[in-house]
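Visitor: target27.txt is the file, holding compact mmCIF, N, CA and C atoms and all ligand atoms:
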```txt
# COMPACT_ATOMS: atom_id res chain seq x y z
N MET V 35 31.16 58.52 38.80
CA MET V 35 30.69 57.55 39.82
C MET V 35 31.81 57.33 40.83
N SER V 36 31.53 57.54 42.09
CA SER V 36 32.58 57.61 43.10
C SER V 36 33.28 56.27 43.33
N ASP V 37 32.59 55.14 43.11
CA ASP V 37 33.24 53.85 43.38
C ASP V 37 33.68 53.14 42.11
N CYS V 38 33.76 53.88 41.00
CA CYS V 38 34.13 53.27 39.72
C CYS V 38 35.63 53.41 39.50
N VAL V 39 36.30 52.29 39.29
CA VAL V 39 37.76 52.30 39.18
C VAL V 39 38.23 53.11 37.97
N PHE V 40 37.50 53.02 36.84
CA PHE V 40 37.96 53.77 35.67
C PHE V 40 37.64 55.27 35.81
N CYS V 41 36.58 55.64 36.50
CA CYS V 41 36.37 57.06 36.82
C CYS V 41 37.53 57.59 37.66
N LYS V 42 38.01 56.76 38.56
CA LYS V 42 39.14 57.19 39.40
C LYS V 42 40.41 57.34 38.56
N ILE V 43 40.59 56.47 37.59
CA ILE V 43 41.75 56.60 36.69
C ILE V 43 41.62 57.88 35.87
N VAL V 44 40.43 58.14 35.33
CA VAL V 44 40.20 59.35 34.53
C VAL V 44 40.48 60.60 35.38
N ALA V 45 40.07 60.56 36.64
CA ALA V 45 40.25 61.70 37.55
C ALA V 45 41.65 61.75 38.14
N ARG V 46 42.51 60.81 37.75
CA ARG V 46 43.89 60.70 38.26
C ARG V 46 43.92 60.51 39.78
N GLN V 47 42.86 59.87 40.31
CA GLN V 47 42.85 59.55 41.74
C GLN V 47 43.59 58.25 42.02
N ILE V 48 43.65 57.36 41.02
CA ILE V 48 44.53 56.19 41.12
C ILE V 48 45.38 56.16 39.85
N PRO V 49 46.58 55.59 39.94
CA PRO V 49 47.49 55.67 38.81
C PRO V 49 47.12 54.74 37.66
N ALA V 50 47.48 55.15 36.47
CA ALA V 50 47.37 54.29 35.29
C ALA V 50 48.46 54.74 34.33
N THR V 51 48.82 53.84 33.44
CA THR V 51 49.88 54.14 32.48
C THR V 51 49.21 54.58 31.18
N VAL V 52 49.09 55.88 31.04
CA VAL V 52 48.30 56.47 29.96
C VAL V 52 49.13 56.56 28.68
N VAL V 53 48.49 56.21 27.54
CA VAL V 53 49.20 56.34 26.26
C VAL V 53 48.58 57.40 25.37
N HIS V 54 47.31 57.75 25.60
CA HIS V 54 46.65 58.71 24.71
C HIS V 54 45.46 59.30 25.43
N GLU V 55 45.16 60.55 25.10
CA GLU V 55 44.04 61.23 25.75
C GLU V 55 43.48 62.25 24.80
N ASP V 56 42.16 62.38 24.76
CA ASP V 56 41.54 63.48 24.03
C ASP V 56 40.32 63.94 24.84
N GLU V 57 39.47 64.77 24.22
CA GLU V 57 38.35 65.34 24.98
C GLU V 57 37.46 64.27 25.61
N HIS V 58 37.22 63.19 24.89
CA HIS V 58 36.24 62.19 25.34
C HIS V 58 36.83 60.88 25.82
N THR V 59 38.10 60.61 25.53
CA THR V 59 38.64 59.27 25.82
C THR V 59 39.98 59.32 26.55
N LEU V 60 40.25 58.24 27.24
CA LEU V 60 41.56 58.03 27.86
C LEU V 60 41.98 56.60 27.51
N ALA V 61 43.18 56.47 26.96
CA ALA V 61 43.70 55.13 26.62
C ALA V 61 44.87 54.84 27.54
N PHE V 62 44.84 53.66 28.17
CA PHE V 62 45.88 53.30 29.14
C PHE V 62 46.13 51.79 29.09
N MET V 63 47.29 51.40 29.62
CA MET V 63 47.69 49.99 29.57
C MET V 63 46.78 49.16 30.47
N ASP V 64 46.24 48.07 29.92
CA ASP V 64 45.48 47.12 30.75
C ASP V 64 46.43 46.47 31.75
N ILE V 65 46.01 46.46 32.99
CA ILE V 65 46.88 45.93 34.04
C ILE V 65 47.18 44.44 33.84
N GLY V 66 46.28 43.73 33.13
CA GLY V 66 46.46 42.28 32.94
C GLY V 66 47.40 41.91 31.81
N GLN V 67 47.58 42.78 30.79
CA GLN V 67 48.52 42.56 29.66
C GLN V 67 48.46 41.14 29.11
N VAL V 68 47.31 40.78 28.55
CA VAL V 68 47.15 39.46 27.94
C VAL V 68 48.28 39.20 26.94
N ASN V 69 48.64 40.21 26.17
CA ASN V 69 49.86 40.21 25.37
C ASN V 69 50.51 41.59 25.54
N PRO V 70 51.82 41.71 25.40
CA PRO V 70 52.45 43.02 25.54
C PRO V 70 51.85 44.03 24.56
N GLY V 71 51.51 45.21 25.10
CA GLY V 71 50.89 46.25 24.27
C GLY V 71 49.38 46.30 24.38
N HIS V 72 48.81 45.54 25.30
CA HIS V 72 47.35 45.47 25.51
C HIS V 72 46.87 46.78 26.14
N VAL V 73 46.04 47.52 25.40
CA VAL V 73 45.59 48.86 25.81
C VAL V 73 44.07 48.87 25.95
N LEU V 74 43.58 49.65 26.90
CA LEU V 74 42.14 49.92 27.04
C LEU V 74 41.86 51.33 26.58
N VAL V 75 40.80 51.51 25.81
CA VAL V 75 40.32 52.85 25.46
C VAL V 75 39.00 53.03 26.21
N ALA V 76 38.98 53.97 27.16
CA ALA V 76 37.78 54.20 27.98
C ALA V 76 37.23 55.59 27.69
N VAL V 77 35.93 55.73 27.88
CA VAL V 77 35.35 57.08 27.81
C VAL V 77 35.68 57.82 29.10
N LYS V 78 35.81 59.12 28.99
CA LYS V 78 36.11 59.90 30.21
C LYS V 78 34.87 60.06 31.08
N LYS V 79 33.77 60.46 30.46
CA LYS V 79 32.52 60.63 31.22
C LYS V 79 31.90 59.26 31.44
N HIS V 80 31.57 58.93 32.67
CA HIS V 80 31.10 57.58 32.98
C HIS V 80 29.90 57.17 32.11
N ALA V 81 30.02 55.99 31.52
CA ALA V 81 28.91 55.32 30.84
C ALA V 81 29.08 53.85 31.18
N ASP V 82 28.04 53.19 31.62
CA ASP V 82 28.18 51.79 32.05
C ASP V 82 28.63 50.88 30.91
N ASN V 83 28.11 51.16 29.71
CA ASN V 83 28.28 50.21 28.60
C ASN V 83 27.96 50.91 27.28
N VAL V 84 27.98 50.15 26.20
CA VAL V 84 27.77 50.73 24.86
C VAL V 84 26.39 51.40 24.74
N PHE V 85 25.42 50.87 25.48
CA PHE V 85 24.05 51.41 25.38
C PHE V 85 23.96 52.82 25.93
N ALA V 86 24.90 53.20 26.76
CA ALA V 86 24.85 54.50 27.44
C ALA V 86 25.71 55.56 26.75
N LEU V 87 26.37 55.22 25.64
CA LEU V 87 27.24 56.19 24.98
C LEU V 87 26.42 57.21 24.20
N ASP V 88 26.85 58.47 24.22
CA ASP V 88 26.25 59.43 23.27
C ASP V 88 27.07 59.37 21.97
N ASP V 89 26.57 60.05 20.95
CA ASP V 89 27.22 59.95 19.63
C ASP V 89 28.65 60.47 19.64
N ALA V 90 28.87 61.53 20.39
CA ALA V 90 30.23 62.10 20.43
C ALA V 90 31.20 61.13 21.08
N GLN V 91 30.77 60.49 22.14
CA GLN V 91 31.64 59.49 22.80
C GLN V 91 31.90 58.32 21.86
N ALA V 92 30.83 57.83 21.22
CA ALA V 92 30.97 56.66 20.35
C ALA V 92 31.94 56.94 19.22
N ALA V 93 31.83 58.12 18.63
CA ALA V 93 32.73 58.47 17.54
C ALA V 93 34.17 58.60 18.05
N ALA V 94 34.32 59.25 19.18
CA ALA V 94 35.67 59.49 19.71
C ALA V 94 36.35 58.19 20.10
N VAL V 95 35.60 57.25 20.64
CA VAL V 95 36.19 55.97 21.06
C VAL V 95 36.80 55.25 19.86
N PHE V 96 36.10 55.22 18.74
CA PHE V 96 36.66 54.45 17.63
C PHE V 96 37.77 55.22 16.92
N ARG V 97 37.68 56.54 16.93
CA ARG V 97 38.78 57.33 16.37
C ARG V 97 40.05 57.06 17.19
N ALA V 98 39.93 57.09 18.50
CA ALA V 98 41.10 56.82 19.37
C ALA V 98 41.57 55.38 19.19
N ALA V 99 40.62 54.45 19.10
CA ALA V 99 40.99 53.04 18.95
C ALA V 99 41.80 52.81 17.68
N ALA V 100 41.38 53.41 16.58
CA ALA V 100 42.11 53.23 15.32
C ALA V 100 43.51 53.84 15.43
N ARG V 101 43.58 55.02 16.04
CA ARG V 101 44.86 55.71 16.16
C ARG V 101 45.83 54.91 17.05
N VAL V 102 45.35 54.48 18.20
CA VAL V 102 46.23 53.75 19.12
C VAL V 102 46.58 52.38 18.53
N SER V 103 45.65 51.76 17.83
CA SER V 103 45.94 50.47 17.19
C SER V 103 47.10 50.57 16.22
N ARG V 104 47.13 51.64 15.45
CA ARG V 104 48.26 51.82 14.51
C ARG V 104 49.57 51.95 15.27
N ALA V 105 49.52 52.64 16.41
CA ALA V 105 50.75 52.81 17.21
C ALA V 105 51.19 51.47 17.81
N ILE V 106 50.22 50.66 18.26
CA ILE V 106 50.55 49.33 18.81
C ILE V 106 51.18 48.48 17.70
N ARG V 107 50.57 48.52 16.52
CA ARG V 107 51.13 47.77 15.38
C ARG V 107 52.57 48.17 15.13
N ASP V 108 52.82 49.48 15.11
CA ASP V 108 54.17 49.96 14.78
C ASP V 108 55.16 49.65 15.91
N ALA V 109 54.67 49.65 17.15
CA ALA V 109 55.57 49.45 18.30
C ALA V 109 55.88 47.98 18.57
N PHE V 110 54.89 47.09 18.34
CA PHE V 110 55.05 45.69 18.76
C PHE V 110 55.05 44.69 17.60
N SER V 111 54.73 45.17 16.40
CA SER V 111 54.68 44.29 15.23
C SER V 111 53.93 42.99 15.49
N PRO V 112 52.72 43.04 16.05
CA PRO V 112 51.97 41.80 16.26
C PRO V 112 51.53 41.23 14.91
N GLN V 113 51.18 39.94 14.93
CA GLN V 113 50.68 39.32 13.70
C GLN V 113 49.25 39.76 13.40
N GLY V 114 48.56 40.22 14.44
CA GLY V 114 47.19 40.69 14.28
C GLY V 114 46.82 41.52 15.50
N LEU V 115 45.58 42.02 15.52
CA LEU V 115 45.11 42.78 16.69
C LEU V 115 43.61 42.56 16.81
N SER V 116 43.17 42.15 17.99
CA SER V 116 41.74 41.98 18.23
C SER V 116 41.22 43.20 18.98
N ILE V 117 40.04 43.67 18.57
CA ILE V 117 39.33 44.70 19.33
C ILE V 117 38.17 43.98 20.02
N TYR V 118 38.18 44.06 21.34
CA TYR V 118 37.23 43.31 22.14
C TYR V 118 36.50 44.28 23.05
N GLN V 119 35.19 44.08 23.19
CA GLN V 119 34.41 45.01 24.02
C GLN V 119 33.21 44.25 24.57
N ALA V 120 33.03 44.27 25.90
CA ALA V 120 31.99 43.48 26.55
C ALA V 120 30.97 44.40 27.23
N ASN V 121 29.71 44.00 27.15
CA ASN V 121 28.62 44.74 27.79
C ASN V 121 27.79 43.77 28.61
N GLY V 122 27.87 43.90 29.92
CA GLY V 122 27.13 43.00 30.80
C GLY V 122 28.00 41.84 31.23
N SER V 123 27.77 41.35 32.44
CA SER V 123 28.62 40.27 32.95
C SER V 123 28.48 39.01 32.11
N VAL V 124 27.31 38.76 31.54
CA VAL V 124 27.14 37.56 30.71
C VAL V 124 28.03 37.63 29.47
N ALA V 125 28.36 38.85 29.06
CA ALA V 125 29.24 39.04 27.90
C ALA V 125 30.70 39.12 28.31
N GLY V 126 30.97 39.02 29.61
CA GLY V 126 32.35 39.03 30.08
C GLY V 126 32.83 40.35 30.64
N GLN V 127 31.91 41.34 30.74
CA GLN V 127 32.34 42.64 31.30
C GLN V 127 32.62 42.50 32.79
N THR V 128 33.74 43.03 33.22
CA THR V 128 34.08 43.00 34.65
C THR V 128 34.23 44.39 35.25
N VAL V 129 34.51 45.39 34.41
CA VAL V 129 34.54 46.78 34.87
C VAL V 129 33.41 47.50 34.15
N PHE V 130 32.48 48.02 34.92
CA PHE V 130 31.24 48.52 34.33
C PHE V 130 31.31 50.03 34.05
N HIS V 131 32.35 50.35 33.30
CA HIS V 131 32.60 51.70 32.76
C HIS V 131 33.08 51.43 31.35
N PHE V 132 32.41 51.97 30.34
CA PHE V 132 32.67 51.56 28.96
C PHE V 132 34.15 51.67 28.59
N HIS V 133 34.64 50.61 27.99
CA HIS V 133 36.01 50.58 27.48
C HIS V 133 36.08 49.52 26.41
N LEU V 134 37.04 49.66 25.51
CA LEU V 134 37.32 48.54 24.61
C LEU V 134 38.78 48.17 24.72
N HIS V 135 39.03 46.92 24.39
CA HIS V 135 40.38 46.36 24.47
C HIS V 135 41.02 46.41 23.09
N LEU V 136 42.26 46.87 23.05
CA LEU V 136 43.09 46.73 21.84
C LEU V 136 44.14 45.69 22.20
N LEU V 137 44.01 44.53 21.58
CA LEU V 137 44.80 43.37 22.01
C LEU V 137 45.66 42.84 20.87
N PRO V 138 46.98 43.12 20.94
CA PRO V 138 47.87 42.57 19.91
C PRO V 138 47.82 41.05 19.95
N ARG V 139 47.84 40.43 18.78
CA ARG V 139 47.67 38.98 18.70
C ARG V 139 48.86 38.31 18.02
N HIS V 140 49.11 37.10 18.51
CA HIS V 140 50.20 36.30 17.98
C HIS V 140 49.71 34.86 17.86
N GLU V 141 50.21 34.16 16.88
CA GLU V 141 49.90 32.74 16.70
C GLU V 141 50.12 31.99 18.03
N GLY V 142 49.12 31.23 18.46
CA GLY V 142 49.28 30.39 19.65
C GLY V 142 49.33 31.17 20.96
N ASP V 143 48.73 32.38 20.99
CA ASP V 143 48.82 33.19 22.22
C ASP V 143 47.80 32.79 23.28
N GLY V 144 46.96 31.81 23.00
CA GLY V 144 46.05 31.28 24.01
C GLY V 144 44.72 31.99 24.11
N MET V 145 44.56 33.11 23.38
CA MET V 145 43.25 33.79 23.38
C MET V 145 42.24 32.93 22.63
N GLU V 146 41.07 32.76 23.24
CA GLU V 146 40.06 31.93 22.56
C GLU V 146 38.69 32.56 22.69
N LEU V 147 37.91 32.49 21.65
CA LEU V 147 36.53 32.93 21.68
C LEU V 147 35.76 31.92 20.85
N THR V 148 34.87 31.18 21.48
CA THR V 148 34.10 30.23 20.68
C THR V 148 32.97 30.99 20.00
N TRP V 149 32.62 30.59 18.83
CA TRP V 149 31.76 31.35 17.94
C TRP V 149 30.77 30.37 17.32
N PRO V 150 29.76 30.00 18.08
CA PRO V 150 28.88 28.91 17.64
C PRO V 150 27.85 29.34 16.59
N VAL V 151 28.28 29.32 15.33
CA VAL V 151 27.42 29.80 14.24
C VAL V 151 26.16 28.93 14.11
N LYS V 152 25.07 29.59 13.71
CA LYS V 152 23.80 28.88 13.55
C LYS V 152 23.38 28.78 12.08
N ASN V 153 23.89 29.69 11.27
CA ASN V 153 23.56 29.71 9.84
C ASN V 153 22.08 29.50 9.55
N PRO V 154 21.20 30.34 10.10
CA PRO V 154 19.77 30.16 9.86
C PRO V 154 19.39 30.48 8.41
N ALA V 155 18.18 30.09 8.06
CA ALA V 155 17.67 30.38 6.72
C ALA V 155 17.55 31.90 6.53
N ARG V 156 17.59 32.32 5.25
CA ARG V 156 17.55 33.76 4.95
C ARG V 156 16.30 34.43 5.51
N GLU V 157 15.20 33.68 5.56
CA GLU V 157 13.97 34.25 6.13
C GLU V 157 14.19 34.69 7.58
N LYS V 158 14.95 33.91 8.29
CA LYS V 158 15.26 34.26 9.69
C LYS V 158 16.07 35.55 9.75
N LEU V 159 17.04 35.70 8.83
CA LEU V 159 17.83 36.94 8.82
C LEU V 159 16.92 38.13 8.57
N LEU V 160 15.99 37.98 7.64
CA LEU V 160 15.05 39.07 7.35
C LEU V 160 14.20 39.38 8.58
N GLU V 161 13.73 38.35 9.25
CA GLU V 161 12.91 38.53 10.45
C GLU V 161 13.71 39.27 11.54
N TYR V 162 14.94 38.85 11.76
CA TYR V 162 15.77 39.51 12.77
C TYR V 162 16.04 40.97 12.38
N ALA V 163 16.34 41.17 11.11
CA ALA V 163 16.64 42.54 10.63
C ALA V 163 15.44 43.45 10.82
N GLU V 164 14.25 42.93 10.53
CA GLU V 164 13.04 43.75 10.68
C GLU V 164 12.85 44.16 12.14
N LYS V 165 13.13 43.26 13.05
CA LYS V 165 12.99 43.58 14.48
C LYS V 165 13.93 44.73 14.88
N ILE V 166 15.15 44.67 14.36
CA ILE V 166 16.13 45.73 14.69
C ILE V 166 15.73 47.04 14.04
N LYS V 167 15.36 46.95 12.75
CA LYS V 167 15.02 48.17 12.01
C LYS V 167 13.82 48.89 12.65
N ALA V 168 12.90 48.13 13.20
CA ALA V 168 11.72 48.72 13.85
C ALA V 168 12.14 49.56 15.06
N LYS V 169 13.22 49.20 15.68
CA LYS V 169 13.71 49.94 16.85
C LYS V 169 14.63 51.10 16.47
N LEU V 170 15.21 51.02 15.25
CA LEU V 170 16.08 52.11 14.81
C LEU V 170 15.23 53.34 14.41
N GLY V 171 14.01 53.10 14.00
CA GLY V 171 13.12 54.20 13.66
C GLY V 171 13.43 54.79 12.29
P1 LIG Z 201 36.38 43.76 30.91
O1 LIG Z 201 36.39 42.34 31.37
O2 LIG Z 201 35.42 44.61 31.70
O3 LIG Z 201 36.22 43.90 29.43
O4 LIG Z 201 37.86 44.27 31.16
C1 LIG Z 201 38.28 44.94 32.30
C2 LIG Z 201 39.79 45.06 32.18
O5 LIG Z 201 40.22 46.07 33.07
C3 LIG Z 201 40.56 43.79 32.52
O6 LIG Z 201 41.28 43.36 31.38
C4 LIG Z 201 41.48 44.21 33.66
O7 LIG Z 201 42.77 43.68 33.54
C5 LIG Z 201 41.49 45.73 33.55
N1 LIG Z 201 41.60 46.42 34.81
C6 LIG Z 201 40.86 46.20 35.93
N2 LIG Z 201 41.23 47.05 36.90
C7 LIG Z 201 42.22 47.82 36.38
C8 LIG Z 201 43.01 48.90 36.91
O8 LIG Z 201 42.88 49.32 38.06
N3 LIG Z 201 43.92 49.45 36.08
C9 LIG Z 201 44.11 49.01 34.79
N4 LIG Z 201 45.03 49.62 34.06
N5 LIG Z 201 43.37 48.01 34.26
C10 LIG Z 201 42.45 47.43 35.05
ZN ZN Z 202 33.17 55.15 35.73
```
Render the structure in this file as structure tokens.
Ligand code: 5GP
Ligand code: ZN
Guide:
Amino acid sequence: MSDCVFCKIVARQIPATVVHEDEHTLAFMDIGQVNPGHVLVAVKKHADNVFALDDAQAAAVFRAAARVSRAIRDAFSPQGLSIYQANGSVAGQTVFHFHLHLLPRHEGDGMELTWPVKNPAREKLLEYAEKIKAKLG
């Protein structure tokens, strides 16, 4: 996509600080660096979001994510690491080319995600699961 910033990074039309690359993915430093060592793993072939990934891309993204996460752990010794991935602006996506965040975490680092649990009855879980399973085929 000609106006996509991550396509331009993949094509080396604009600079990025790359840490890892394979057939399907490119991992590079997030320009915002929420914490030192914050890396993005993006697919090379444009996909807007998780819904647009093919199986090879999906597999490659998590293989790269696990590999780069281990390197971040060894390089920065964070207390933890969050993997964050947004699809759609309502979910917080701002660059509409699939990527996930590898974010080293430290006590009191200011990252927050509210998680408003509903704890519905088990019947509701079964109902929701049936809806999903019907679409999985
Ligand atoms: P999203 O909100 O879509 O999950 O995350 C997009 C991320 O891309 C942000 O964390 C932002 O800092 C990063 N970003 C946006 N533009 C650029 C860029 O040109 N280069 C790099 N390296 N990161 C970018
Ligand atoms: Zn793109």
Visitor: With only N, CA and C atoms as the counted atoms, please give the residues lying no more than 5 Å from region 114-131 of chain V, apart from itself and same-chain residues fewer than 5 positions off, as a PyMOL selection string.
Guide: chain V and resi 81-82+136-139
Visitor: Please produce a file of those selected residues containing N, CA and C atoms, as a PDB file, in the frame of the given file.
Guide:
```pdb
ATOM      1  N   ALA V  81      30.020  55.990  31.520  1.00  0.00           N
ATOM      2  CA  ALA V  81      28.910  55.320  30.840  1.00  0.00           C
ATOM      3  C   ALA V  81      29.080  53.850  31.180  1.00  0.00           C
ATOM      4  N   ASP V  82      28.040  53.190  31.620  1.00  0.00           N
ATOM      5  CA  ASP V  82      28.180  51.790  32.050  1.00  0.00           C
ATOM      6  C   ASP V  82      28.630  50.880  30.910  1.00  0.00           C
ATOM      7  N   LEU V 136      42.260  46.870  23.050  1.00  0.00           N
ATOM      8  CA  LEU V 136      43.090  46.730  21.840  1.00  0.00           C
ATOM      9  C   LEU V 136      44.140  45.690  22.200  1.00  0.00           C
ATOM     10  N   LEU V 137      44.010  44.530  21.580  1.00  0.00           N
ATOM     11  CA  LEU V 137      44.800  43.370  22.010  1.00  0.00           C
ATOM     12  C   LEU V 137      45.660  42.840  20.870  1.00  0.00           C
ATOM     13  N   PRO V 138      46.980  43.120  20.940  1.00  0.00           N
ATOM     14  CA  PRO V 138      47.870  42.570  19.910  1.00  0.00           C
ATOM     15  C   PRO V 138      47.820  41.050  19.950  1.00  0.00           C
ATOM     16  N   ARG V 139      47.840  40.430  18.780  1.00  0.00           N
ATOM     17  CA  ARG V 139      47.670  38.980  18.700  1.00  0.00           C
ATOM     18  C   ARG V 139      48.860  38.310  18.020  1.00  0.00           C
TER      19      ARG V 139
END
```
Visitor: Taking only N, CA and C atoms and all ligand atoms and a cut-off of 8 Å, can you tell me which residues surround ligand ZN 202 (chain Z), written as a list of chain:residue names?
Guide: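 So the residues close to ligand ZN 202 (chain Z) are V:Met35, V:Ser36, V:Asp37, V:Cys38, V:Val39, V:Phe40, V:Cys41, V:Lys42, V:Ile43, V:Val44, V:Val77, V:Lys78, V:Lys79, V:His80, V:Ala81, V:Asp82, V:Val129, V:Phe130, V:His131, V:Phe132.
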Visitor: Could you state the separation of CA of Ala100 (chain V) and CA of His58 (chain V) in Å, given to one decimal place?
Guide: 14.7 Å
Visitor: Between atom C of Leu60 (chain V) and atom N of Trp149 (chain V), what is the distance, to one decimal in Å?
Guide: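 So the two atoms, atom C of Leu60 (chain V) and atom N of Trp149 (chain V), lie 29.0 Å apart.
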Visitor: Per DSSP on the backbone, filter chain V down to the residues in strand (DSSP E) and report them as a PDB file with N, CA and C atoms, in the coordinates of the input.
Guide:
```
ATOM      1  N   VAL V  52      49.090  55.880  31.040  1.00  0.00           N
ATOM      2  CA  VAL V  52      48.300  56.470  29.960  1.00  0.00           C
ATOM      3  C   VAL V  52      49.130  56.560  28.680  1.00  0.00           C
ATOM      4  N   VAL V  53      48.490  56.210  27.540  1.00  0.00           N
ATOM      5  CA  VAL V  53      49.200  56.340  26.260  1.00  0.00           C
ATOM      6  C   VAL V  53      48.580  57.400  25.370  1.00  0.00           C
ATOM      7  N   HIS V  54      47.310  57.750  25.600  1.00  0.00           N
ATOM      8  CA  HIS V  54      46.650  58.710  24.710  1.00  0.00           C
ATOM      9  C   HIS V  54      45.460  59.300  25.430  1.00  0.00           C
ATOM     10  N   GLU V  55      45.160  60.550  25.100  1.00  0.00           N
ATOM     11  CA  GLU V  55      44.040  61.230  25.750  1.00  0.00           C
ATOM     12  C   GLU V  55      43.480  62.250  24.800  1.00  0.00           C
ATOM     13  N   THR V  59      38.100  60.610  25.530  1.00  0.00           N
ATOM     14  CA  THR V  59      38.640  59.270  25.820  1.00  0.00           C
ATOM     15  C   THR V  59      39.980  59.320  26.550  1.00  0.00           C
ATOM     16  N   LEU V  60      40.250  58.240  27.240  1.00  0.00           N
ATOM     17  CA  LEU V  60      41.560  58.030  27.860  1.00  0.00           C
ATOM     18  C   LEU V  60      41.980  56.600  27.510  1.00  0.00           C
ATOM     19  N   ALA V  61      43.180  56.470  26.960  1.00  0.00           N
ATOM     20  CA  ALA V  61      43.700  55.130  26.620  1.00  0.00           C
ATOM     21  C   ALA V  61      44.870  54.840  27.540  1.00  0.00           C
ATOM     22  N   PHE V  62      44.840  53.660  28.170  1.00  0.00           N
ATOM     23  CA  PHE V  62      45.880  53.300  29.140  1.00  0.00           C
ATOM     24  C   PHE V  62      46.130  51.790  29.090  1.00  0.00           C
ATOM     25  N   MET V  63      47.290  51.400  29.620  1.00  0.00           N
ATOM     26  CA  MET V  63      47.690  49.990  29.570  1.00  0.00           C
ATOM     27  C   MET V  63      46.780  49.160  30.470  1.00  0.00           C
ATOM     28  N   VAL V  73      46.040  47.520  25.400  1.00  0.00           N
ATOM     29  CA  VAL V  73      45.590  48.860  25.810  1.00  0.00           C
ATOM     30  C   VAL V  73      44.070  48.870  25.950  1.00  0.00           C
ATOM     31  N   LEU V  74      43.580  49.650  26.900  1.00  0.00           N
ATOM     32  CA  LEU V  74      42.140  49.920  27.040  1.00  0.00           C
ATOM     33  C   LEU V  74      41.860  51.330  26.580  1.00  0.00           C
ATOM     34  N   VAL V  75      40.800  51.510  25.810  1.00  0.00           N
ATOM     35  CA  VAL V  75      40.320  52.850  25.460  1.00  0.00           C
ATOM     36  C   VAL V  75      39.000  53.030  26.210  1.00  0.00           C
ATOM     37  N   ALA V  76      38.980  53.970  27.160  1.00  0.00           N
ATOM     38  CA  ALA V  76      37.780  54.200  27.980  1.00  0.00           C
ATOM     39  C   ALA V  76      37.230  55.590  27.690  1.00  0.00           C
ATOM     40  N   VAL V  77      35.930  55.730  27.880  1.00  0.00           N
ATOM     41  CA  VAL V  77      35.350  57.080  27.810  1.00  0.00           C
ATOM     42  C   VAL V  77      35.680  57.820  29.100  1.00  0.00           C
ATOM     43  N   GLY V 114      48.560  40.220  14.440  1.00  0.00           N
ATOM     44  CA  GLY V 114      47.190  40.690  14.280  1.00  0.00           C
ATOM     45  C   GLY V 114      46.820  41.520  15.500  1.00  0.00           C
ATOM     46  N   LEU V 115      45.580  42.020  15.520  1.00  0.00           N
ATOM     47  CA  LEU V 115      45.110  42.780  16.690  1.00  0.00           C
ATOM     48  C   LEU V 115      43.610  42.560  16.810  1.00  0.00           C
ATOM     49  N   SER V 116      43.170  42.150  17.990  1.00  0.00           N
ATOM     50  CA  SER V 116      41.740  41.980  18.230  1.00  0.00           C
ATOM     51  C   SER V 116      41.220  43.200  18.980  1.00  0.00           C
ATOM     52  N   ILE V 117      40.040  43.670  18.570  1.00  0.00           N
ATOM     53  CA  ILE V 117      39.330  44.700  19.330  1.00  0.00           C
ATOM     54  C   ILE V 117      38.170  43.980  20.020  1.00  0.00           C
ATOM     55  N   TYR V 118      38.180  44.060  21.340  1.00  0.00           N
ATOM     56  CA  TYR V 118      37.230  43.310  22.140  1.00  0.00           C
ATOM     57  C   TYR V 118      36.500  44.280  23.050  1.00  0.00           C
ATOM     58  N   HIS V 133      34.640  50.610  27.990  1.00  0.00           N
ATOM     59  CA  HIS V 133      36.010  50.580  27.480  1.00  0.00           C
ATOM     60  C   HIS V 133      36.080  49.520  26.410  1.00  0.00           C
ATOM     61  N   LEU V 134      37.040  49.660  25.510  1.00  0.00           N
ATOM     62  CA  LEU V 134      37.320  48.540  24.610  1.00  0.00           C
ATOM     63  C   LEU V 134      38.780  48.170  24.720  1.00  0.00           C
ATOM     64  N   HIS V 135      39.030  46.920  24.390  1.00  0.00           N
ATOM     65  CA  HIS V 135      40.380  46.360  24.470  1.00  0.00           C
ATOM     66  C   HIS V 135      41.020  46.410  23.090  1.00  0.00           C
ATOM     67  N   LEU V 136      42.260  46.870  23.050  1.00  0.00           N
ATOM     68  CA  LEU V 136      43.090  46.730  21.840  1.00  0.00           C
ATOM     69  C   LEU V 136      44.140  45.690  22.200  1.00  0.00           C
ATOM     70  N   LEU V 137      44.010  44.530  21.580  1.00  0.00           N
ATOM     71  CA  LEU V 137      44.800  43.370  22.010  1.00  0.00           C
ATOM     72  C   LEU V 137      45.660  42.840  20.870  1.00  0.00           C
ATOM     73  N   PRO V 138      46.980  43.120  20.940  1.00  0.00           N
ATOM     74  CA  PRO V 138      47.870  42.570  19.910  1.00  0.00           C
ATOM     75  C   PRO V 138      47.820  41.050  19.950  1.00  0.00           C
ATOM     76  N   ARG V 139      47.840  40.430  18.780  1.00  0.00           N
ATOM     77  CA  ARG V 139      47.670  38.980  18.700  1.00  0.00           C
ATOM     78  C   ARG V 139      48.860  38.310  18.020  1.00  0.00           C
TER      79      ARG V 139
END
```
Visitor: Give the helix (DSSP H, G or I) residues of chain V, as DSSP finds them on the backbone, and put them as a PyMOL selection string.
Guide: chain V and resi 39-44+84-86+89-110+123-125+156-170
Visitor: Would you mind telling me which residue in V:Leu87, V:Ile106, V:Ala76, V:Leu134 lies nearest to ligand LIG 201 (chain Z) when using all atoms listed in the file?
Guide: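 Of the candidates, the smallest distance to ligand LIG 201 (chain Z) is held by V:Leu134.
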